[in-house]
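Colleague: Contents are CSV, C-alpha atoms and all ligand atoms; file name structure.csv:
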chain,number,residue,atom,x,y,z
A,1,MET,CA,18.4,-46.9,-96.3
A,2,THR,CA,15.0,-47.0,-97.8
A,3,ASP,CA,13.3,-45.0,-100.5
A,4,ARG,CA,10.8,-43.5,-98.2
A,5,PRO,CA,10.6,-39.7,-98.7
A,6,LYS,CA,11.5,-37.4,-95.9
A,7,LEU,CA,8.8,-35.4,-94.2
A,8,ILE,CA,9.8,-32.4,-92.1
A,9,ALA,CA,6.8,-31.0,-90.2
A,10,GLY,CA,6.7,-27.9,-88.0
A,11,ASN,CA,4.4,-27.8,-85.0
A,12,TRP,CA,3.8,-24.2,-84.0
A,13,LYS,CA,1.8,-25.1,-80.9
A,14,MET,CA,0.0,-22.1,-79.5
A,15,ASN,CA,2.2,-19.6,-81.2
A,16,GLY,CA,1.5,-17.2,-84.1
A,17,THR,CA,-0.8,-14.5,-85.2
A,18,ALA,CA,-1.0,-12.7,-88.6
A,19,ALA,CA,2.4,-11.2,-88.1
A,20,ALA,CA,3.9,-14.7,-88.4
A,21,LEU,CA,2.5,-15.3,-91.9
A,22,ALA,CA,5.7,-13.8,-93.4
A,23,GLU,CA,7.6,-16.8,-92.0
A,24,ILE,CA,5.2,-19.2,-93.7
A,25,ALA,CA,5.5,-17.3,-97.0
A,26,ALA,CA,9.3,-17.6,-96.7
A,27,MET,CA,9.0,-21.3,-96.0
A,28,ALA,CA,6.7,-21.7,-99.0
A,29,ASP,CA,9.2,-19.9,-101.3
A,30,ALA,CA,12.0,-22.2,-100.2
A,31,ALA,CA,9.9,-25.3,-100.5
A,32,ARG,CA,9.6,-24.7,-104.3
A,33,ASP,CA,13.3,-25.5,-104.7
A,34,LEU,CA,13.6,-28.6,-102.5
A,35,PRO,CA,14.7,-32.0,-103.9
A,36,GLY,CA,11.8,-34.3,-104.7
A,37,HIS,CA,12.4,-36.6,-101.7
A,38,VAL,CA,11.6,-33.9,-99.2
A,39,THR,CA,8.1,-32.8,-98.2
A,40,VAL,CA,7.9,-29.8,-95.8
A,41,ALA,CA,4.8,-29.1,-93.8
A,42,VAL,CA,3.9,-26.5,-91.1
A,43,CYS,CA,1.1,-26.8,-88.6
A,44,PRO,CA,0.1,-23.4,-87.3
A,45,PRO,CA,-2.7,-22.8,-84.8
A,46,ALA,CA,-6.2,-23.5,-86.3
A,47,THR,CA,-6.9,-19.7,-86.5
A,48,LEU,CA,-4.1,-19.4,-89.1
A,49,ILE,CA,-4.6,-22.4,-91.3
A,50,ASP,CA,-6.7,-20.6,-93.9
A,51,ARG,CA,-4.4,-17.6,-94.1
A,52,ALA,CA,-1.3,-19.9,-94.0
A,53,ARG,CA,-2.7,-21.8,-97.0
A,54,ALA,CA,-3.1,-18.5,-98.8
A,55,ALA,CA,0.4,-17.3,-97.8
A,56,ALA,CA,1.8,-20.5,-99.2
A,57,GLY,CA,0.3,-19.9,-102.6
A,58,ASP,CA,0.5,-22.7,-105.2
A,59,GLY,CA,3.8,-24.1,-104.0
A,60,PRO,CA,4.4,-27.5,-102.4
A,61,LEU,CA,4.4,-26.3,-98.7
A,62,VAL,CA,1.8,-28.5,-96.9
A,63,ILE,CA,-0.3,-26.8,-94.2
A,64,GLY,CA,-1.4,-29.0,-91.3
A,65,ALA,CA,-3.2,-28.8,-88.0
A,66,GLN,CA,-2.3,-29.8,-84.5
A,67,ASP,CA,-5.5,-31.5,-83.3
A,68,VAL,CA,-9.0,-32.5,-84.4
A,69,HIS,CA,-12.2,-33.7,-82.9
A,70,ALA,CA,-13.1,-37.2,-83.9
A,71,ALA,CA,-16.8,-36.5,-84.7
A,72,ALA,CA,-17.9,-35.2,-88.0
A,73,ASP,CA,-20.1,-32.4,-86.5
A,74,GLY,CA,-22.4,-31.7,-83.7
A,75,ALA,CA,-22.6,-30.2,-80.2
A,76,PHE,CA,-18.9,-29.9,-79.4
A,77,THR,CA,-18.3,-26.3,-78.4
A,78,GLY,CA,-14.9,-25.1,-79.2
A,79,CYS,CA,-13.9,-28.1,-81.3
A,80,VAL,CA,-13.0,-28.4,-85.0
A,81,SER,CA,-13.7,-31.4,-87.2
A,82,ALA,CA,-11.4,-33.0,-89.8
A,83,ALA,CA,-13.7,-31.8,-92.7
A,84,MET,CA,-13.4,-28.3,-91.3
A,85,LEU,CA,-9.6,-28.5,-91.2
A,86,ASN,CA,-9.5,-29.9,-94.7
A,87,ASP,CA,-11.8,-27.1,-95.9
A,88,ALA,CA,-9.5,-24.5,-94.3
A,89,GLY,CA,-6.6,-25.9,-96.3
A,90,ALA,CA,-5.0,-28.5,-94.0
A,91,ARG,CA,-3.7,-31.7,-95.5
A,92,LEU,CA,-2.2,-33.4,-92.4
A,93,VAL,CA,-3.1,-33.4,-88.7
A,94,ILE,CA,-0.9,-34.1,-85.7
A,95,VAL,CA,-2.8,-36.3,-83.2
A,96,GLY,CA,-1.9,-37.6,-79.8
A,97,HIS,CA,0.9,-35.1,-79.1
A,98,SER,CA,2.2,-35.6,-75.6
A,99,GLU,CA,1.0,-32.2,-74.6
A,100,ARG,CA,-2.5,-33.2,-75.5
A,101,ARG,CA,-2.1,-36.7,-73.9
A,102,ALA,CA,-1.0,-35.0,-70.6
A,103,ASP,CA,-2.7,-31.7,-70.5
A,104,CYS,CA,-6.0,-32.6,-72.2
A,105,HIS,CA,-6.1,-36.2,-70.8
A,106,GLU,CA,-6.4,-37.7,-74.3
A,107,THR,CA,-6.5,-41.5,-74.2
A,108,ASP,CA,-5.1,-43.9,-76.8
A,109,ALA,CA,-8.7,-44.7,-77.9
A,110,ASP,CA,-9.4,-40.9,-78.4
A,111,ILE,CA,-6.3,-40.6,-80.5
A,112,ARG,CA,-7.2,-43.6,-82.7
A,113,ALA,CA,-10.6,-42.2,-83.3
A,114,LYS,CA,-9.0,-38.8,-84.3
A,115,ALA,CA,-6.5,-40.5,-86.6
A,116,GLU,CA,-9.3,-42.4,-88.3
A,117,ALA,CA,-11.3,-39.2,-88.7
A,118,VAL,CA,-8.3,-37.5,-90.3
A,119,GLN,CA,-7.9,-40.4,-92.7
A,120,ALA,CA,-11.6,-40.5,-93.6
A,121,ALA,CA,-11.3,-36.8,-94.6
A,122,GLY,CA,-8.5,-37.7,-97.0
A,123,MET,CA,-5.7,-36.2,-94.9
A,124,THR,CA,-2.6,-37.7,-93.3
A,125,ALA,CA,-2.6,-38.3,-89.5
A,126,ILE,CA,0.7,-38.0,-87.6
A,127,VAL,CA,0.2,-40.1,-84.5
A,128,CYS,CA,2.7,-39.2,-81.7
A,129,VAL,CA,4.1,-41.6,-79.2
A,130,GLY,CA,6.9,-41.4,-76.6
A,131,GLU,CA,7.9,-42.1,-73.1
A,132,THR,CA,8.3,-39.8,-70.1
A,133,ALA,CA,11.6,-39.5,-68.3
A,134,ALA,CA,10.3,-41.6,-65.5
A,135,GLN,CA,9.3,-44.4,-67.9
A,136,ARG,CA,12.7,-44.2,-69.6
A,137,ASP,CA,14.4,-44.4,-66.2
A,138,ALA,CA,12.3,-47.4,-65.3
A,139,GLY,CA,13.4,-49.2,-68.5
A,140,THR,CA,9.9,-49.3,-69.9
A,141,THR,CA,10.4,-47.2,-73.0
A,142,LEU,CA,9.6,-49.9,-75.6
A,143,THR,CA,6.7,-51.3,-73.5
A,144,VAL,CA,5.2,-47.8,-73.2
A,145,ILE,CA,5.6,-47.1,-76.9
A,146,GLY,CA,4.2,-50.5,-77.9
A,147,GLY,CA,1.1,-49.9,-75.8
A,148,GLN,CA,0.6,-46.5,-77.4
A,149,LEU,CA,0.9,-48.0,-80.9
A,150,ASP,CA,-1.5,-50.8,-80.0
A,151,GLY,CA,-4.0,-48.3,-78.6
A,152,SER,CA,-3.8,-45.3,-80.8
A,153,LEU,CA,-2.9,-46.5,-84.4
A,154,PRO,CA,-5.7,-46.5,-86.8
A,155,ALA,CA,-6.9,-49.6,-88.7
A,156,SER,CA,-5.3,-48.5,-92.0
A,157,ALA,CA,-1.8,-47.5,-92.9
A,158,ALA,CA,-3.0,-45.3,-95.7
A,159,GLY,CA,-2.6,-41.6,-94.8
A,160,LEU,CA,-0.5,-42.4,-91.7
A,161,ALA,CA,2.8,-41.3,-90.2
A,162,VAL,CA,4.1,-42.0,-86.7
A,163,ALA,CA,6.2,-39.5,-84.7
A,164,TYR,CA,8.5,-40.8,-81.9
A,165,GLU,CA,8.8,-37.9,-79.5
A,166,PRO,CA,10.4,-38.7,-76.1
A,167,VAL,CA,8.5,-36.4,-73.7
A,168,TRP,CA,11.7,-35.5,-71.9
A,169,ALA,CA,13.2,-34.3,-75.2
A,170,ILE,CA,10.5,-31.9,-76.1
A,171,GLY,CA,11.5,-28.3,-75.6
A,172,SER,CA,14.3,-29.3,-73.3
A,173,GLY,CA,17.3,-29.2,-75.6
A,174,LEU,CA,18.0,-32.9,-74.8
A,175,THR,CA,17.9,-35.7,-77.3
A,176,PRO,CA,18.4,-39.4,-77.1
A,177,THR,CA,21.6,-40.8,-78.5
A,178,ILE,CA,21.7,-41.7,-82.2
A,179,ALA,CA,21.9,-45.3,-81.2
A,180,GLN,CA,18.8,-45.0,-79.0
A,181,VAL,CA,16.8,-43.2,-81.8
A,182,GLY,CA,17.8,-46.0,-84.2
A,183,GLY,CA,16.8,-48.7,-81.8
A,184,ILE,CA,13.4,-47.2,-81.1
A,185,HIS,CA,12.6,-46.4,-84.7
A,186,ALA,CA,13.6,-50.0,-85.7
A,187,ALA,CA,11.2,-51.3,-83.0
A,188,ILE,CA,8.4,-49.1,-84.3
A,189,ARG,CA,9.0,-50.3,-87.8
A,190,THR,CA,8.8,-53.9,-86.7
A,191,ASN,CA,5.5,-53.1,-84.9
A,192,LEU,CA,4.1,-51.4,-88.1
A,193,VAL,CA,5.1,-54.3,-90.4
A,194,ALA,CA,3.6,-56.8,-87.9
A,195,ARG,CA,0.4,-54.7,-87.8
A,196,TYR,CA,0.0,-53.6,-91.5
A,197,GLY,CA,2.1,-56.1,-93.4
A,198,ASP,CA,4.0,-54.6,-96.4
A,199,ALA,CA,2.1,-51.3,-96.0
A,200,GLY,CA,3.9,-50.9,-92.7
A,201,GLU,CA,7.1,-50.4,-94.7
A,202,GLY,CA,5.6,-47.3,-96.3
A,203,VAL,CA,4.6,-45.5,-93.1
A,204,SER,CA,6.9,-42.6,-92.3
A,205,ILE,CA,8.4,-42.6,-88.8
A,206,LEU,CA,9.4,-39.1,-87.7
A,207,TYR,CA,11.6,-38.2,-84.8
A,208,GLY,CA,10.6,-35.2,-82.7
A,209,GLY,CA,12.1,-33.5,-79.6
A,210,SER,CA,14.6,-30.7,-79.7
A,211,VAL,CA,15.4,-31.1,-83.4
A,212,LYS,CA,17.6,-28.1,-84.3
A,213,PRO,CA,19.7,-27.1,-87.3
A,214,ALA,CA,22.8,-28.4,-85.4
A,215,ASN,CA,21.5,-31.9,-84.9
A,216,ALA,CA,19.1,-32.4,-87.8
A,217,ALA,CA,21.5,-34.0,-90.3
A,218,GLU,CA,22.7,-36.6,-87.8
A,219,LEU,CA,19.2,-37.5,-86.7
A,220,LEU,CA,17.8,-37.6,-90.2
A,221,ALA,CA,20.6,-40.0,-91.3
A,222,VAL,CA,19.5,-42.7,-88.9
A,223,ALA,CA,17.8,-45.7,-90.6
A,224,ASP,CA,14.0,-45.6,-90.2
A,225,VAL,CA,14.1,-41.9,-89.3
A,226,ASP,CA,11.9,-40.7,-92.2
A,227,GLY,CA,11.7,-37.1,-91.1
A,228,ALA,CA,11.2,-34.8,-88.1
A,229,LEU,CA,8.5,-33.2,-86.1
A,230,VAL,CA,9.9,-29.8,-85.1
A,231,GLY,CA,8.5,-27.5,-82.4
A,232,GLY,CA,10.5,-24.4,-81.4
A,233,ALA,CA,12.9,-24.5,-84.3
A,234,SER,CA,9.9,-24.4,-86.8
A,235,LEU,CA,8.8,-20.9,-85.7
A,236,THR,CA,11.3,-19.1,-87.9
A,237,ALA,CA,11.9,-19.8,-91.6
A,238,ALA,CA,15.7,-19.5,-91.1
A,239,ASP,CA,15.9,-22.3,-88.5
A,240,PHE,CA,13.2,-24.5,-90.0
A,241,LEU,CA,14.7,-24.3,-93.5
A,242,ALA,CA,18.1,-25.2,-92.1
A,243,ILE,CA,16.6,-28.4,-90.7
A,244,VAL,CA,14.7,-29.0,-94.0
A,245,ARG,CA,17.9,-28.7,-96.0
A,246,ALA,CA,19.6,-31.3,-93.8
A,247,ALA,CA,17.0,-33.9,-94.9
B,1,LIG,P1,10.6,-29.1,-79.8
B,1,LIG,O1,9.1,-29.7,-79.9
B,1,LIG,O2,11.1,-29.3,-81.2
B,1,LIG,O3,10.4,-27.7,-79.4
B,1,LIG,O4,11.3,-29.9,-78.8
B,1,LIG,C1,8.8,-30.9,-80.6
B,1,LIG,C2,7.3,-31.2,-80.5
B,1,LIG,O5,6.7,-31.0,-79.4
B,1,LIG,O6,6.7,-31.7,-81.5
What is this structure when it is put down as C-alpha cells?

Modeller:
Amino acid sequence: MTDRPKLIAGNWKMNGTAAALAEIAAMADAARDLPGHVTVAVCPPATLIDRARAAAGDGPLVIGAQDVHAAADGAFTGCVSAAMLNDAGARLVIVGHSERRADCHETDADIRAKAEAVQAAGMTAIVCVGETAAQRDAGTTLTVIGGQLDGSLPASAAGLAVAYEPVWAIGSGLTPTIAQVGGIHAAIRTNLVARYGDAGEGVSILYGGSVKPANAAELLAVADVDGALVGGASLTAADFLAIVRAA
C-alpha cells in the first residue's frame, strides 16, 4: 500500500440537465463527511459545470470536465478552452477518454496537448488509456497501453492522473480480474516512474470500466489502484456515494 490519496471521479458523459443538479447537491453534502484520504469529483456536461459548482457550495466536492480544446482561444467553433472550464468552476479535466479517441478520432498527440493545456490552466488532467477487446485477445494490452502513455502523457507529472479503462469494460458490466487490474496498474506505475522519476510515484492511477457499488471495494483495494473513474454508476448520488465509501 502507498499513502497516495484515493480519487473517485464520476464521468456523466452526455447525460444531465438542470434536473440532475439535486444529485450533485447530495454528493456535495456527503463529501463533507468523507475521510481525508478520499477526494470525490464529478464531471458533468460542460453546460452544467457552472451550476454544478454552485450546487456543490463551499464543500470539498470537485467539479470537473470531460474534454477540452488544447488552444487558449480562437476560431474553434463549438470548443471550450481550459481557461474557460476553470473559469466555470472545473478543477480537473478528463482527456483522451476512449469514446473521444474512437468517436472523435483524437490522437495521442491531441491528448497530450490537451493534458498540457489543462495543467497550464492550473487544473488536473486525467489521461485515459486502455485496450480494446481485439487488442486484449491479440495479447497486446501492455504494448497498446505503453504506446498510449508514450504518446499522450504530458511532460510534467504535476497535475496529472492516469485512468486505466479497458474499452471492453466500459458500460458492459464486465471487468478484468483483480489480478489483471493489479498487473496492468503495476506496469503503468513502472512506466510513470521511468518517465517522471520520483514524481511518478505521486501520480494517481484510477481504474475505470463498470465500477459499481458491488465491485468497488475489491477493485480499490488493489495495489496501485488509487481511485476510480465511474461512468453509469456516477449518475445517482446513491450509487456513486456507495462507491466513494468503499475507497
Ligand atoms: P462505466 O464508464 O462506469 O459506465 O463503465 C466508465 C467510463 O467510461 O469512464

Colleague: Check the smallest atom-to-atom distance from each of A:Asn86, A:Leu61, A:Ala194, A:Ile111 to Ala30 in chain A using all atoms listed in the file, then report the winner.

Modeller: A:Leu61

Colleague: Leaving out Ala217 in chain A and any residue of its chain fewer than 3 positions from it, which residues lie within 10 Å of it when counting only C-alpha atoms, given as a short mmCIF file (atom, residue, chain, number, x, y, z; two decimals) with C-alpha atoms, in the frame of the given file?

Modeller:
data_model
loop_
_atom_site.label_atom_id
_atom_site.label_comp_id
_atom_site.auth_asym_id
_atom_site.auth_seq_id
_atom_site.Cartn_x
_atom_site.Cartn_y
_atom_site.Cartn_z
CA VAL A 211 15.40 -31.10 -83.40
CA LYS A 212 17.60 -28.10 -84.30
CA PRO A 213 19.70 -27.10 -87.30
CA ALA A 214 22.80 -28.40 -85.40
CA LEU A 220 17.80 -37.60 -90.20
CA ALA A 221 20.60 -40.00 -91.30
CA VAL A 222 19.50 -42.70 -88.90
CA ALA A 242 18.10 -25.20 -92.10
CA ILE A 243 16.60 -28.40 -90.70
CA VAL A 244 14.70 -29.00 -94.00
CA ARG A 245 17.90 -28.70 -96.00
CA ALA A 246 19.60 -31.30 -93.80
CA ALA A 247 17.00 -33.90 -94.90
#

Colleague: Find, counting only C-alpha atoms, the residue in A:Val225, A:Ala199, A:Ala41, A:Cys128 that gets nearest to Arg100 in chain A.

Modeller: A:Cys128

Colleague: Looking at all atoms listed in the file, which of A:Ala120, A:Ala28, A:Val162, A:Ala109 is the one that sits closest to ligand LIG 1 (chain B)?

Modeller: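 Smallest separation from ligand LIG 1 (chain B) among the options: A:Val162.
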
Colleague: Per residue of chain A within 10 Å of ligand LIG 1 (chain B), note the shortest atom pair and the distance in Å to one decimal, counting all atoms listed in the file, and order the rows by chain and increasing residue number, as JSON lines.

Modeller:
{"residue": "A:Ala9", "atom": "CA", "partner": "B:LIG1", "partner_atom": "O6", "distance": 8.7}
{"residue": "A:Gly10", "atom": "CA", "partner": "B:LIG1", "partner_atom": "O6", "distance": 7.5}
{"residue": "A:Asn11", "atom": "CA", "partner": "B:LIG1", "partner_atom": "O6", "distance": 5.7}
{"residue": "A:Trp12", "atom": "CA", "partner": "B:LIG1", "partner_atom": "O6", "distance": 8.4}
{"residue": "A:Lys13", "atom": "CA", "partner": "B:LIG1", "partner_atom": "O5", "distance": 7.8}
{"residue": "A:Gln66", "atom": "CA", "partner": "B:LIG1", "partner_atom": "O6", "distance": 9.7}
{"residue": "A:Ile94", "atom": "CA", "partner": "B:LIG1", "partner_atom": "O6", "distance": 9.0}
{"residue": "A:His97", "atom": "CA", "partner": "B:LIG1", "partner_atom": "O5", "distance": 7.1}
{"residue": "A:Ser98", "atom": "CA", "partner": "B:LIG1", "partner_atom": "O5", "distance": 7.5}
{"residue": "A:Glu99", "atom": "CA", "partner": "B:LIG1", "partner_atom": "O5", "distance": 7.5}
{"residue": "A:Cys128", "atom": "CA", "partner": "B:LIG1", "partner_atom": "O6", "distance": 8.5}
{"residue": "A:Ala163", "atom": "CA", "partner": "B:LIG1", "partner_atom": "O6", "distance": 8.4}
{"residue": "A:Tyr164", "atom": "CA", "partner": "B:LIG1", "partner_atom": "O6", "distance": 9.3}
{"residue": "A:Glu165", "atom": "CA", "partner": "B:LIG1", "partner_atom": "O6", "distance": 6.8}
{"residue": "A:Pro166", "atom": "CA", "partner": "B:LIG1", "partner_atom": "C1", "distance": 9.1}
{"residue": "A:Val167", "atom": "CA", "partner": "B:LIG1", "partner_atom": "O5", "distance": 8.1}
{"residue": "A:Trp168", "atom": "CA", "partner": "B:LIG1", "partner_atom": "O4", "distance": 8.9}
{"residue": "A:Ala169", "atom": "CA", "partner": "B:LIG1", "partner_atom": "O4", "distance": 6.0}
{"residue": "A:Ile170", "atom": "CA", "partner": "B:LIG1", "partner_atom": "O4", "distance": 3.5}
{"residue": "A:Gly171", "atom": "CA", "partner": "B:LIG1", "partner_atom": "O4", "distance": 3.6}
{"residue": "A:Ser172", "atom": "CA", "partner": "B:LIG1", "partner_atom": "O4", "distance": 6.3}
{"residue": "A:Gly173", "atom": "CA", "partner": "B:LIG1", "partner_atom": "O4", "distance": 6.8}
{"residue": "A:Leu174", "atom": "CA", "partner": "B:LIG1", "partner_atom": "O4", "distance": 8.4}
{"residue": "A:Thr175", "atom": "CA", "partner": "B:LIG1", "partner_atom": "O4", "distance": 8.9}
{"residue": "A:Tyr207", "atom": "CA", "partner": "B:LIG1", "partner_atom": "O6", "distance": 8.8}
{"residue": "A:Gly208", "atom": "CA", "partner": "B:LIG1", "partner_atom": "C1", "distance": 5.1}
{"residue": "A:Gly209", "atom": "CA", "partner": "B:LIG1", "partner_atom": "O4", "distance": 3.8}
{"residue": "A:Ser210", "atom": "CA", "partner": "B:LIG1", "partner_atom": "O4", "distance": 3.5}
{"residue": "A:Val211", "atom": "CA", "partner": "B:LIG1", "partner_atom": "O2", "distance": 5.2}
{"residue": "A:Lys212", "atom": "CA", "partner": "B:LIG1", "partner_atom": "O2", "distance": 7.3}
{"residue": "A:Ala228", "atom": "CA", "partner": "B:LIG1", "partner_atom": "O6", "distance": 8.6}
{"residue": "A:Leu229", "atom": "CA", "partner": "B:LIG1", "partner_atom": "O6", "distance": 5.2}
{"residue": "A:Val230", "atom": "CA", "partner": "B:LIG1", "partner_atom": "O2", "distance": 4.1}
{"residue": "A:Gly231", "atom": "CA", "partner": "B:LIG1", "partner_atom": "O2", "distance": 3.4}
{"residue": "A:Gly232", "atom": "CA", "partner": "B:LIG1", "partner_atom": "O3", "distance": 3.9}
{"residue": "A:Ala233", "atom": "CA", "partner": "B:LIG1", "partner_atom": "O2", "distance": 6.0}
{"residue": "A:Ser234", "atom": "CA", "partner": "B:LIG1", "partner_atom": "O2", "distance": 7.5}
{"residue": "A:Leu235", "atom": "CA", "partner": "B:LIG1", "partner_atom": "O3", "distance": 9.4}

Colleague: Mind writing the picked residues with C-alpha atoms as an mmCIF file, in the frame of the given file?

Modeller:
data_model
loop_
_atom_site.group_PDB
_atom_site.id
_atom_site.type_symbol
_atom_site.label_atom_id
_atom_site.label_comp_id
_atom_site.auth_asym_id
_atom_site.auth_seq_id
_atom_site.Cartn_x
_atom_site.Cartn_y
_atom_site.Cartn_z
ATOM 1 C CA ALA A 9 6.800 -31.000 -90.200
ATOM 2 C CA GLY A 10 6.700 -27.900 -88.000
ATOM 3 C CA ASN A 11 4.400 -27.800 -85.000
ATOM 4 C CA TRP A 12 3.800 -24.200 -84.000
ATOM 5 C CA LYS A 13 1.800 -25.100 -80.900
ATOM 6 C CA GLN A 66 -2.300 -29.800 -84.500
ATOM 7 C CA ILE A 94 -0.900 -34.100 -85.700
ATOM 8 C CA HIS A 97 0.900 -35.100 -79.100
ATOM 9 C CA SER A 98 2.200 -35.600 -75.600
ATOM 10 C CA GLU A 99 1.000 -32.200 -74.600
ATOM 11 C CA CYS A 128 2.700 -39.200 -81.700
ATOM 12 C CA ALA A 163 6.200 -39.500 -84.700
ATOM 13 C CA TYR A 164 8.500 -40.800 -81.900
ATOM 14 C CA GLU A 165 8.800 -37.900 -79.500
ATOM 15 C CA PRO A 166 10.400 -38.700 -76.100
ATOM 16 C CA VAL A 167 8.500 -36.400 -73.700
ATOM 17 C CA TRP A 168 11.700 -35.500 -71.900
ATOM 18 C CA ALA A 169 13.200 -34.300 -75.200
ATOM 19 C CA ILE A 170 10.500 -31.900 -76.100
ATOM 20 C CA GLY A 171 11.500 -28.300 -75.600
ATOM 21 C CA SER A 172 14.300 -29.300 -73.300
ATOM 22 C CA GLY A 173 17.300 -29.200 -75.600
ATOM 23 C CA LEU A 174 18.000 -32.900 -74.800
ATOM 24 C CA THR A 175 17.900 -35.700 -77.300
ATOM 25 C CA TYR A 207 11.600 -38.200 -84.800
ATOM 26 C CA GLY A 208 10.600 -35.200 -82.700
ATOM 27 C CA GLY A 209 12.100 -33.500 -79.600
ATOM 28 C CA SER A 210 14.600 -30.700 -79.700
ATOM 29 C CA VAL A 211 15.400 -31.100 -83.400
ATOM 30 C CA LYS A 212 17.600 -28.100 -84.300
ATOM 31 C CA ALA A 228 11.200 -34.800 -88.100
ATOM 32 C CA LEU A 229 8.500 -33.200 -86.100
ATOM 33 C CA VAL A 230 9.900 -29.800 -85.100
ATOM 34 C CA GLY A 231 8.500 -27.500 -82.400
ATOM 35 C CA GLY A 232 10.500 -24.400 -81.400
ATOM 36 C CA ALA A 233 12.900 -24.500 -84.300
ATOM 37 C CA SER A 234 9.900 -24.400 -86.800
ATOM 38 C CA LEU A 235 8.800 -20.900 -85.700
#

Colleague: Between A:Glu201, A:Ala18, A:His69, A:Thr39, which residue has the minimum interatomic distance to Gly227 in chain A, considering only C-alpha atoms?

Modeller: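 Of A:Glu201, A:Ala18, A:His69, A:Thr39, the one nearest Gly227 in chain A is A:Thr39, counting only C-alpha atoms.
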
Colleague: Rank A:Gly96, A:Gly151, A:Gly159, A:Pro35 by their smallest atom-to-atom distance to Pro60 in chain A, using all atoms listed in the file, and report the top residue only.

Modeller: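 Once distances to Pro60 in chain A are computed over all atoms listed in the file, the minimum belongs to A:Pro35.
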
Colleague: For a test of reading the model, state the distance in Å between CA of Gly147 in chain A and CA of Arg101 in chain A, rounded to one decimal.

Modeller: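 CA of Arg101 in chain A lies 13.7 Å from CA of Gly147 in chain A.
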
Colleague: As an exercise, work out the distance from CA of Val42 in chain A to CA of Val62 in chain A in Å and give it to one decimal place.

Modeller: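 CA of Val42 in chain A sits 6.5 Å away from CA of Val62 in chain A.
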
Colleague: For the atom pair CA of Gly36 in chain A and CA of Asp226 in chain A, what is the interatomic distance in Å to one decimal place?

Modeller: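 These atoms are spaced 14.0 Å apart.
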
Colleague: Quick one: residues within 8 Å of Thr124 in chain A, only C-alpha atoms counted, chain neighbours fewer than 4 positions away excluded, as a list in words?

Modeller: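 Everything that qualifies: Arg91, Leu92, Val93, Val118, Gln119, Ala158, Gly159, Leu160 and Ala161 of chain A.
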
Colleague: Which one is closest to Met14 in chain A: A:Asp58, A:Asp137, A:Asp67, A:Asp50? Count all atoms listed in the file.

Modeller: A:Asp67
